[in-house]
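Structure file upload-v8.cif with mmCIF, C-alpha atoms:
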```
data_model
#
loop_
_atom_site.group_PDB
_atom_site.id
_atom_site.type_symbol
_atom_site.label_atom_id
_atom_site.label_comp_id
_atom_site.auth_asym_id
_atom_site.auth_seq_id
_atom_site.Cartn_x
_atom_site.Cartn_y
_atom_site.Cartn_z
ATOM 1 C CA MET A 31 113.778 70.947 103.777
ATOM 2 C CA PRO A 32 115.353 69.113 106.720
ATOM 3 C CA ASP A 33 115.800 72.171 108.916
ATOM 4 C CA ILE A 34 112.080 72.782 109.276
ATOM 5 C CA ASN A 35 111.296 70.322 112.000
ATOM 6 C CA ILE A 36 107.535 70.215 111.891
ATOM 7 C CA ASN A 37 105.091 67.465 112.236
ATOM 8 C CA ILE A 38 103.032 68.079 109.184
ATOM 9 C CA GLN A 39 102.506 66.214 105.986
ATOM 10 C CA ARG A 40 101.529 68.859 103.613
ATOM 11 C CA ARG A 41 104.217 70.534 101.546
ATOM 12 C CA HIS A 42 101.903 73.509 101.170
ATOM 13 C CA ALA A 43 101.930 74.132 104.899
ATOM 14 C CA GLN A 44 105.666 73.549 105.067
ATOM 15 C CA ILE A 45 106.277 76.256 102.490
ATOM 16 C CA GLN A 46 103.818 78.547 104.244
ATOM 17 C CA ILE A 47 105.757 78.184 107.459
ATOM 18 C CA ALA A 48 109.044 78.797 105.647
ATOM 19 C CA LEU A 49 107.585 82.013 104.232
ATOM 20 C CA PHE A 50 106.568 83.055 107.720
ATOM 21 C CA PHE A 51 110.094 82.517 109.029
ATOM 22 C CA ILE A 52 111.633 84.391 106.120
ATOM 23 C CA GLY A 53 109.220 87.231 106.781
ATOM 24 C CA ARG A 54 109.989 87.241 110.463
ATOM 25 C CA GLN A 55 113.714 87.454 109.793
ATOM 26 C CA LEU A 56 113.085 90.413 107.494
ATOM 27 C CA LYS A 57 110.986 92.044 110.252
ATOM 28 C CA TYR A 58 107.698 91.614 108.399
ATOM 29 C CA ARG A 59 104.373 90.675 109.911
ATOM 30 C CA THR A 60 102.862 87.733 108.084
ATOM 31 C CA TRP A 61 99.258 87.071 107.201
ATOM 32 C CA ILE A 62 98.467 83.386 106.774
ATOM 33 C CA ALA A 63 95.229 82.336 105.071
ATOM 34 C CA GLN A 64 92.346 82.227 107.495
ATOM 35 C CA ASN A 65 91.788 78.510 106.921
ATOM 36 C CA ASP A 66 95.458 77.682 107.548
ATOM 37 C CA LYS A 67 95.798 79.422 110.894
ATOM 38 C CA GLY A 68 95.048 76.154 112.661
ATOM 39 C CA ILE A 69 98.197 74.463 111.338
ATOM 40 C CA ILE A 70 100.095 73.141 114.320
ATOM 41 C CA TYR A 71 103.720 74.126 114.504
ATOM 42 C CA GLN A 72 105.766 73.240 117.580
ATOM 43 C CA ASN A 73 102.622 72.325 119.484
ATOM 44 C CA LYS A 74 101.076 75.676 118.829
ATOM 45 C CA LYS A 75 98.590 76.926 116.285
ATOM 46 C CA LEU A 76 100.372 78.928 113.634
ATOM 47 C CA GLY A 77 97.765 81.649 114.044
ATOM 48 C CA GLU A 78 98.885 82.128 117.640
ATOM 49 C CA THR A 79 102.566 82.535 116.824
ATOM 50 C CA GLU A 80 104.201 85.913 117.355
ATOM 51 C CA GLY A 81 104.642 87.748 114.087
ATOM 52 C CA ILE A 82 101.477 86.348 112.561
ATOM 53 C CA VAL A 83 98.763 88.868 111.759
ATOM 54 C CA VAL A 84 95.795 87.683 113.789
ATOM 55 C CA SER A 85 93.215 89.783 111.982
ATOM 56 C CA LEU A 86 93.531 91.814 108.800
ATOM 57 C CA LYS A 87 91.745 94.556 110.705
ATOM 58 C CA ASP A 88 95.026 94.985 112.574
ATOM 59 C CA GLU A 89 96.675 96.195 109.385
ATOM 60 C CA LYS A 90 96.054 99.898 108.904
ATOM 61 C CA LEU A 91 96.812 99.602 105.233
ATOM 62 C CA LEU A 92 93.721 97.472 104.617
ATOM 63 C CA LEU A 93 91.475 98.904 107.270
ATOM 64 C CA ALA A 94 89.453 101.177 105.016
ATOM 65 C CA PHE A 95 89.079 98.633 102.229
ATOM 66 C CA GLU A 96 86.717 96.014 103.564
ATOM 67 C CA ASP A 97 86.187 94.405 100.188
ATOM 68 C CA ALA A 98 89.955 94.035 99.726
ATOM 69 C CA MET A 99 90.217 92.694 103.254
ATOM 70 C CA ARG A 100 87.610 90.050 102.465
ATOM 71 C CA ALA A 101 89.457 89.138 99.270
ATOM 72 C CA ALA A 102 92.674 88.763 101.253
ATOM 73 C CA LEU A 103 91.246 86.357 103.814
ATOM 74 C CA LEU A 104 92.083 83.246 101.818
ATOM 75 C CA ILE A 105 95.353 84.415 100.314
ATOM 76 C CA ASP A 106 98.069 82.035 101.478
ATOM 77 C CA CYS A 107 100.577 84.583 102.682
ATOM 78 C CA ILE A 108 100.910 88.363 102.776
ATOM 79 C CA TRP A 109 103.846 90.239 104.217
ATOM 80 C CA PHE A 110 103.284 93.595 105.914
ATOM 81 C CA LYS A 111 105.831 96.076 107.176
ATOM 82 C CA ASN A 112 105.579 99.193 109.319
ATOM 83 C CA GLY A 113 101.827 99.574 108.870
ATOM 84 C CA LYS A 114 102.277 101.123 105.438
ATOM 85 C CA LEU A 115 104.136 98.602 103.341
ATOM 86 C CA MET A 116 103.130 95.295 101.833
ATOM 87 C CA PRO A 117 106.245 93.762 100.287
ATOM 88 C CA ALA A 118 104.548 90.671 98.848
ATOM 89 C CA VAL A 119 101.243 88.908 98.285
ATOM 90 C CA MET A 120 101.833 85.196 97.747
ATOM 91 C CA GLU A 121 99.872 82.156 96.652
ATOM 92 C CA ILE A 122 101.359 78.712 97.090
ATOM 93 C CA GLU A 123 100.358 76.407 94.271
ATOM 94 C CA HIS A 124 101.223 72.885 95.264
ATOM 95 C CA SER A 125 99.432 70.364 93.108
ATOM 96 C CA THR A 126 96.615 72.819 92.437
ATOM 97 C CA GLY A 127 96.092 74.785 89.254
ATOM 98 C CA VAL A 128 98.055 78.026 89.109
ATOM 99 C CA THR A 129 94.954 79.816 87.896
ATOM 100 C CA SER A 130 93.169 79.750 91.235
ATOM 101 C CA GLY A 131 96.044 81.511 92.968
ATOM 102 C CA LEU A 132 96.293 84.115 90.236
ATOM 103 C CA SER A 133 92.545 84.697 90.355
ATOM 104 C CA ARG A 134 92.619 85.136 94.102
ATOM 105 C CA MET A 135 95.425 87.703 93.898
ATOM 106 C CA LYS A 136 93.764 89.482 90.985
ATOM 107 C CA ASN A 137 90.535 89.740 92.966
ATOM 108 C CA PHE A 138 92.450 91.315 95.830
ATOM 109 C CA LYS A 139 94.370 93.691 93.567
ATOM 110 C CA ASP A 140 91.187 94.932 91.929
ATOM 111 C CA LYS A 141 89.708 95.880 95.281
ATOM 112 C CA PHE A 142 92.740 97.711 96.636
ATOM 113 C CA PRO A 143 94.198 101.044 95.473
ATOM 114 C CA PRO A 144 97.042 100.794 92.966
ATOM 115 C CA TYR A 145 99.999 99.961 95.143
ATOM 116 C CA PRO A 146 103.616 98.856 94.715
ATOM 117 C CA THR A 147 103.817 95.242 95.853
ATOM 118 C CA ARG A 148 104.847 91.884 94.457
ATOM 119 C CA TYR A 149 102.232 89.343 93.398
ATOM 120 C CA VAL A 150 103.942 86.012 93.712
ATOM 121 C CA ILE A 151 103.198 82.411 92.798
ATOM 122 C CA VAL A 152 105.177 80.037 94.980
ATOM 123 C CA ALA A 153 105.351 76.647 93.323
ATOM 124 C CA PRO A 154 107.617 73.657 92.683
ATOM 125 C CA ASP A 155 110.549 74.408 90.391
ATOM 126 C CA GLU A 156 109.225 72.038 87.750
ATOM 127 C CA ASP A 157 106.008 74.097 87.472
ATOM 128 C CA ARG A 158 107.838 77.156 86.135
ATOM 129 C CA GLN A 159 106.522 76.826 82.577
ATOM 130 C CA LYS A 160 102.986 76.385 83.828
ATOM 131 C CA VAL A 161 103.301 79.530 85.936
ATOM 132 C CA ILE A 162 104.721 81.511 83.016
ATOM 133 C CA LYS A 163 101.927 80.349 80.735
ATOM 134 C CA GLU A 164 99.121 81.170 83.144
ATOM 135 C CA ALA A 165 100.572 84.454 84.417
ATOM 136 C CA ASN A 166 100.840 85.706 80.848
ATOM 137 C CA LYS A 167 97.145 85.298 80.147
ATOM 138 C CA PRO A 168 95.640 88.725 79.455
ATOM 139 C CA GLN A 169 93.414 88.740 82.520
ATOM 140 C CA PHE A 170 96.475 88.428 84.785
ATOM 141 C CA HIS A 171 98.822 90.856 83.005
ATOM 142 C CA ASP A 172 98.462 93.654 85.500
ATOM 143 C CA LEU A 173 99.617 91.418 88.356
ATOM 144 C CA ASP A 174 103.109 91.423 86.857
ATOM 145 C CA THR A 175 103.508 88.071 88.566
ATOM 146 C CA ARG A 176 106.750 86.770 90.084
ATOM 147 C CA PHE A 177 107.649 83.118 90.382
ATOM 148 C CA PHE A 178 109.178 82.041 93.685
ATOM 149 C CA PRO A 179 110.255 78.415 93.217
ATOM 150 C CA TYR A 180 110.377 76.082 96.182
ATOM 151 C CA SER A 181 114.150 75.760 95.812
ATOM 152 C CA ALA A 182 114.496 79.547 96.189
ATOM 153 C CA VAL A 183 112.189 79.528 99.226
ATOM 154 C CA GLU A 184 114.351 76.830 100.782
ATOM 155 C CA GLU A 185 117.533 78.693 99.944
ATOM 156 C CA LEU A 186 116.283 81.952 101.408
ATOM 157 C CA TYR A 187 114.872 80.165 104.428
ATOM 158 C CA ALA A 188 118.213 78.462 105.035
ATOM 159 C CA LEU A 189 120.016 81.771 104.668
ATOM 160 C CA CYS A 190 117.672 83.423 107.146
ATOM 161 C CA MET A 191 118.119 80.640 109.669
ATOM 162 C CA LYS A 192 121.845 80.200 109.254
ATOM 163 C CA ARG A 193 123.024 83.758 108.708
ATOM 164 C CA LYS A 194 120.285 85.670 110.523
ATOM 165 C CA LEU A 195 119.934 88.130 107.654
ATOM 166 C CA ASN A 196 119.765 91.666 108.866
ATOM 167 C CA GLY A 197 119.668 95.159 107.432
ATOM 168 C CA ILE A 198 118.910 94.139 103.889
ATOM 169 C CA THR A 199 116.531 96.091 101.686
ATOM 170 C CA GLU A 200 113.211 94.880 100.397
ATOM 171 C CA GLU A 201 114.643 94.758 96.862
ATOM 172 C CA PHE A 202 116.756 91.839 98.011
ATOM 173 C CA LEU A 203 113.624 89.727 97.580
ATOM 174 C CA ASP A 204 113.735 90.379 93.860
ATOM 175 C CA CYS A 205 116.818 88.169 93.606
ATOM 176 C CA TYR A 206 114.612 85.224 94.548
ATOM 177 C CA MET A 207 111.375 86.062 92.779
ATOM 178 C CA GLU A 208 111.580 85.819 89.013
ATOM 179 C CA PRO A 209 109.391 88.210 86.987
ATOM 180 C CA VAL A 210 107.536 86.029 84.498
ATOM 181 C CA LEU A 211 105.540 88.529 82.484
ATOM 182 C CA MET A 212 106.726 88.675 78.882
ATOM 183 C CA LYS A 213 106.691 92.373 78.042
ATOM 184 C CA MET B 140 95.509 133.578 88.672
ATOM 185 C CA ASP B 141 95.655 132.290 92.219
ATOM 186 C CA GLU B 142 97.383 128.903 92.491
ATOM 187 C CA ASN B 143 94.562 127.367 94.504
ATOM 188 C CA LEU B 144 92.013 128.403 91.952
ATOM 189 C CA ILE B 145 94.122 126.829 89.216
ATOM 190 C CA LEU B 146 94.418 123.616 91.226
ATOM 191 C CA LEU B 147 90.679 123.568 91.782
ATOM 192 C CA LYS B 148 89.891 124.179 88.105
ATOM 193 C CA LYS B 149 92.344 121.535 86.958
ATOM 194 C CA ALA B 150 90.947 119.020 89.434
ATOM 195 C CA VAL B 151 87.456 119.651 88.094
ATOM 196 C CA ASN B 152 88.721 119.220 84.515
ATOM 197 C CA TYR B 153 90.283 115.889 85.389
ATOM 198 C CA GLY B 154 87.141 114.797 87.210
ATOM 199 C CA TYR B 155 88.880 114.704 90.582
ATOM 200 C CA ARG B 156 87.884 115.919 94.042
ATOM 201 C CA ALA B 157 90.123 118.575 95.530
ATOM 202 C CA TRP B 158 90.737 118.887 99.246
ATOM 203 C CA PHE B 159 92.247 122.140 100.490
ATOM 204 C CA SER B 160 93.700 122.673 103.928
ATOM 205 C CA LYS B 161 91.773 124.936 106.265
ATOM 206 C CA LYS B 162 94.570 127.509 106.142
ATOM 207 C CA THR B 163 94.401 127.576 102.375
ATOM 208 C CA SER B 164 90.673 127.567 101.890
ATOM 209 C CA PRO B 165 88.233 127.259 104.779
ATOM 210 C CA PHE B 166 85.377 126.920 102.263
ATOM 211 C CA LEU B 167 86.770 123.950 100.363
ATOM 212 C CA ASN B 168 88.070 122.158 103.429
ATOM 213 C CA TYR B 169 86.527 118.947 104.693
ATOM 214 C CA SER B 170 87.733 116.218 107.005
ATOM 215 C CA LEU B 171 90.236 113.864 105.432
ATOM 216 C CA LYS B 172 88.812 111.244 107.765
ATOM 217 C CA ASN B 173 86.149 110.926 105.078
ATOM 218 C CA GLU B 174 88.720 109.962 102.480
ATOM 219 C CA ARG B 175 89.086 106.196 102.404
ATOM 220 C CA MET B 176 92.748 106.231 101.427
ATOM 221 C CA LEU B 177 93.743 108.270 104.456
ATOM 222 C CA THR B 178 91.118 107.469 107.036
ATOM 223 C CA ALA B 179 93.305 104.990 108.925
ATOM 224 C CA PHE B 180 96.294 107.327 109.015
ATOM 225 C CA ASP B 181 95.568 109.939 111.668
ATOM 226 C CA ASP B 182 99.146 111.201 111.733
ATOM 227 C CA ALA B 183 99.045 111.809 107.983
ATOM 228 C CA ILE B 184 95.713 113.598 108.260
ATOM 229 C CA LEU B 185 97.222 115.909 110.849
ATOM 230 C CA GLU B 186 100.336 116.544 108.801
ATOM 231 C CA ALA B 187 98.246 117.229 105.689
ATOM 232 C CA ASN B 188 97.229 120.538 107.219
ATOM 233 C CA ASN B 189 100.743 121.750 106.457
ATOM 234 C CA ILE B 190 100.282 121.370 102.729
ATOM 235 C CA ASP B 191 97.708 123.041 100.510
ATOM 236 C CA CYS B 192 95.834 120.655 98.297
ATOM 237 C CA ILE B 193 95.228 116.961 97.637
ATOM 238 C CA TRP B 194 93.468 115.501 94.634
ATOM 239 C CA PHE B 195 91.383 112.346 94.889
ATOM 240 C CA ASP B 196 90.067 110.248 92.040
ATOM 241 C CA GLY B 197 87.236 108.038 93.266
ATOM 242 C CA ASP B 198 88.114 106.291 96.512
ATOM 243 C CA LYS B 199 91.114 104.308 95.334
ATOM 244 C CA ARG B 200 93.382 106.911 93.767
ATOM 245 C CA MET B 201 95.130 109.947 95.175
ATOM 246 C CA PRO B 202 96.933 111.207 92.099
ATOM 247 C CA SER B 203 98.600 114.376 93.367
ATOM 248 C CA LEU B 204 99.455 116.381 96.471
ATOM 249 C CA PHE B 205 100.546 120.022 96.445
ATOM 250 C CA LYS B 206 102.446 122.442 98.601
ATOM 251 C CA ILE B 207 102.450 126.046 97.487
ATOM 252 C CA CYS B 208 105.689 127.538 98.689
ATOM 253 C CA LYS B 209 105.025 130.950 100.156
ATOM 254 C CA ASN B 210 107.882 131.275 102.612
ATOM 255 C CA SER B 211 110.858 129.045 103.285
ATOM 256 C CA ILE B 212 111.677 126.581 100.517
ATOM 257 C CA VAL B 213 113.366 124.158 102.886
ATOM 258 C CA GLU B 214 110.462 124.267 105.322
ATOM 259 C CA SER B 215 108.001 123.613 102.514
ATOM 260 C CA LEU B 216 110.051 120.685 101.267
ATOM 261 C CA PHE B 217 110.122 119.275 104.785
ATOM 262 C CA MET B 218 106.352 119.599 105.121
ATOM 263 C CA LEU B 219 105.704 117.783 101.870
ATOM 264 C CA ASN B 220 108.308 115.137 102.573
ATOM 265 C CA ASN B 221 107.064 114.557 106.122
ATOM 266 C CA LEU B 222 103.590 113.899 104.791
ATOM 267 C CA LYS B 223 104.941 111.585 102.118
ATOM 268 C CA GLU B 224 106.610 109.489 104.781
ATOM 269 C CA LEU B 225 103.338 109.075 106.673
ATOM 270 C CA ILE B 226 101.280 107.929 103.704
ATOM 271 C CA PRO B 227 101.484 104.434 102.205
ATOM 272 C CA PRO B 228 103.341 104.446 98.908
ATOM 273 C CA TYR B 229 100.291 104.773 96.691
ATOM 274 C CA PHE B 230 101.283 105.905 93.234
ATOM 275 C CA SER B 231 100.891 109.594 94.051
ATOM 276 C CA LYS B 232 102.917 112.562 92.864
ATOM 277 C CA TYR B 233 104.081 115.232 95.262
ATOM 278 C CA PHE B 234 104.391 118.735 93.819
ATOM 279 C CA MET B 235 105.862 121.900 95.282
ATOM 280 C CA ILE B 236 104.792 125.064 93.487
ATOM 281 C CA VAL B 237 107.290 127.923 93.675
ATOM 282 C CA ASP B 238 107.505 131.437 92.401
ATOM 283 C CA ASP B 239 109.567 131.519 89.183
ATOM 284 C CA SER B 240 112.285 133.571 90.827
ATOM 285 C CA TYR B 241 112.883 130.822 93.417
ATOM 286 C CA TYR B 242 112.819 127.922 90.989
ATOM 287 C CA LEU B 243 116.579 127.374 90.799
ATOM 288 C CA THR B 244 117.000 127.741 94.553
ATOM 289 C CA ALA B 245 114.263 125.162 95.053
ATOM 290 C CA LEU B 246 115.961 122.764 92.631
ATOM 291 C CA SER B 247 119.216 123.259 94.468
ATOM 292 C CA GLU B 248 117.612 122.469 97.830
ATOM 293 C CA LEU B 249 115.834 119.459 96.346
ATOM 294 C CA SER B 250 119.145 118.052 95.156
ATOM 295 C CA LYS B 251 120.596 118.021 98.674
ATOM 296 C CA PRO B 252 120.849 114.660 100.467
ATOM 297 C CA THR B 253 117.790 115.237 102.672
ATOM 298 C CA PHE B 254 115.427 115.513 99.720
ATOM 299 C CA CYS B 255 117.180 114.059 96.705
ATOM 300 C CA LYS B 256 115.351 110.741 97.006
ATOM 301 C CA SER B 257 111.998 112.276 97.939
ATOM 302 C CA GLY B 258 110.596 112.204 94.410
ATOM 303 C CA ILE B 259 109.121 115.686 94.937
ATOM 304 C CA ILE B 260 108.508 117.599 91.702
ATOM 305 C CA ILE B 261 109.086 121.364 91.611
ATOM 306 C CA ILE B 262 106.699 123.360 89.436
ATOM 307 C CA ARG B 263 107.139 127.007 88.470
ATOM 308 C CA ASN B 264 104.194 129.220 89.186
ATOM 309 C CA SER B 265 104.081 130.355 85.571
ATOM 310 C CA GLU B 266 103.838 126.822 84.197
ATOM 311 C CA LEU B 267 101.109 125.676 86.568
ATOM 312 C CA ILE B 268 98.224 126.195 84.144
ATOM 313 C CA GLU B 269 99.863 124.153 81.390
ATOM 314 C CA ALA B 270 101.581 121.532 83.547
ATOM 315 C CA ASP B 271 100.538 117.896 83.577
ATOM 316 C CA LEU B 272 99.930 117.342 87.270
ATOM 317 C CA THR B 273 98.760 113.732 87.214
#
```
What would the structure in this file look like if it were written as structure tokens?
Amino acid sequence: MPDININIQRRHAQIQIALFFIGRQLKYRTWIAQNDKGIIYQNKKLGETEGIVVSLKDEKLLLAFEDAMRAALLIDCIWFKNGKLMPAVMEIEHSTGVTSGLSRMKNFKDKFPPYPTRYVIVAPDEDRQKVIKEANKPQFHDLDTRFFPYSAVEELYALCMKRKLNGITEEFLDCYMEPVLMK
Amino acid sequence: MDENLILLKKAVNYGYRAWFSKKTSPFLNYSLKNERMLTAFDDAILEANNIDCIWFDGDKRMPSLFKICKNSIVESLFMLNNLKELIPPYFSKYFMIVDDSYYLTALSELSKPTFCKSGIIIIRNSELIEADLT
């Protein structure tokens, strides 16, 4: 991803930052996992960048659900919109097992009221089969998981940066996030 | 039978809690601030006074909201729709209960551009007892 000029080694963080920029272009506020807020981007902590949700307590949607808020603390990326919407909950699985990300999202889902969002595993393209296999395990069925491959993240990121996407609907995201649940 | 009484009885049958607006029933009214799903949404709590009844199932489900149309159909649709726009998109159903004689008029208003995407469901008064409201 040559256009993301950041001084970091980890692909995980690179993808996290790309997701933040995509979110920002789509006018979302982005939650980044508590333990990743210290990532330095352009000489600044990511957690101090405009558009990043500093505390989940700032999101009205979660405010009354402390247990869900706690479960969300370590989720890699959550997009929020207008105080009432949550377009996507995402776990980046780079070289880690897909199961941990699914478990983390499932834990969050179980503590929050039934709500229309997308539960997404972001992973390298070559991990697609692994994602499909894990996401179809019975305990994860109700997540109705989407797979957002790195190549699609890069494509959408490039589009956001180059074309300054504007005025598109949330459903546009579905073109990039493949539903993997076999129904 | 009075619509509110039917809504209360049905809520009890389903095992839900029923909140009624102060205008509708001062005795069954309580502060929506105590309802976890709405507590952070002051504007919605205020607007809820314009409808009649909300059902809650535990503290993580709000299955149905009701407006009993007594006067203007359009005004009632606006009230329900305004509230819907202030509440996060939980999987709730929004019902407007109308007198049988106004049913077709209500459907006609609902089909107009302002409300056609609202997802509001119109229920005839006479079918309220039998209707599946969840």
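Separating CA of Gly77 (chain A) from CA of Leu103 (chain A) is a distance of 13.0 Å.
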Determine which residues of chain A sit within 10 Å of chain B, taking into account all atoms listed in the file, and present them as a PyMOL selection string. chain A and resi 89-95+112-116+140-147
Explicit residue set for the PyMOL selection byres ((chain A and resi 151) around 6), as a VMD selection string: chain A and resid 120 to 122 150 152 177
Just C-alpha atoms for this one: save the residues we selected as a PDB file, keeping the file's coordinate frame.
```
ATOM      1  CA  MET A 120     101.833  85.196  97.747  1.00  0.00           C
ATOM      2  CA  GLU A 121      99.872  82.156  96.652  1.00  0.00           C
ATOM      3  CA  ILE A 122     101.359  78.712  97.090  1.00  0.00           C
ATOM      4  CA  VAL A 150     103.942  86.012  93.712  1.00  0.00           C
ATOM      5  CA  VAL A 152     105.177  80.037  94.980  1.00  0.00           C
ATOM      6  CA  PHE A 177     107.649  83.118  90.382  1.00  0.00           C
TER       7      PHE A 177
END
```
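Reported to one decimal place, the separation of CA of Asn220 (chain B) from CA of Arg148 (chain A) is 24.9 Å.
The result of the PyMOL selection byres ((chain B and resi 194-197) around 10) on the shown file is B:Leu146, B:Leu147, B:Lys149, B:Ala150, B:Val151, B:Tyr153, B:Gly154, B:Tyr155, B:Arg156, B:Ala157, B:Trp158, B:Phe159, B:Glu174, B:Arg175, B:Met176, B:Cys192, B:Ile193, B:Asp198, B:Lys199, B:Arg200, B:Met201, B:Pro202, B:Ser203, B:Leu204, B:Phe205, B:Ser231, B:Leu272, B:Thr273.
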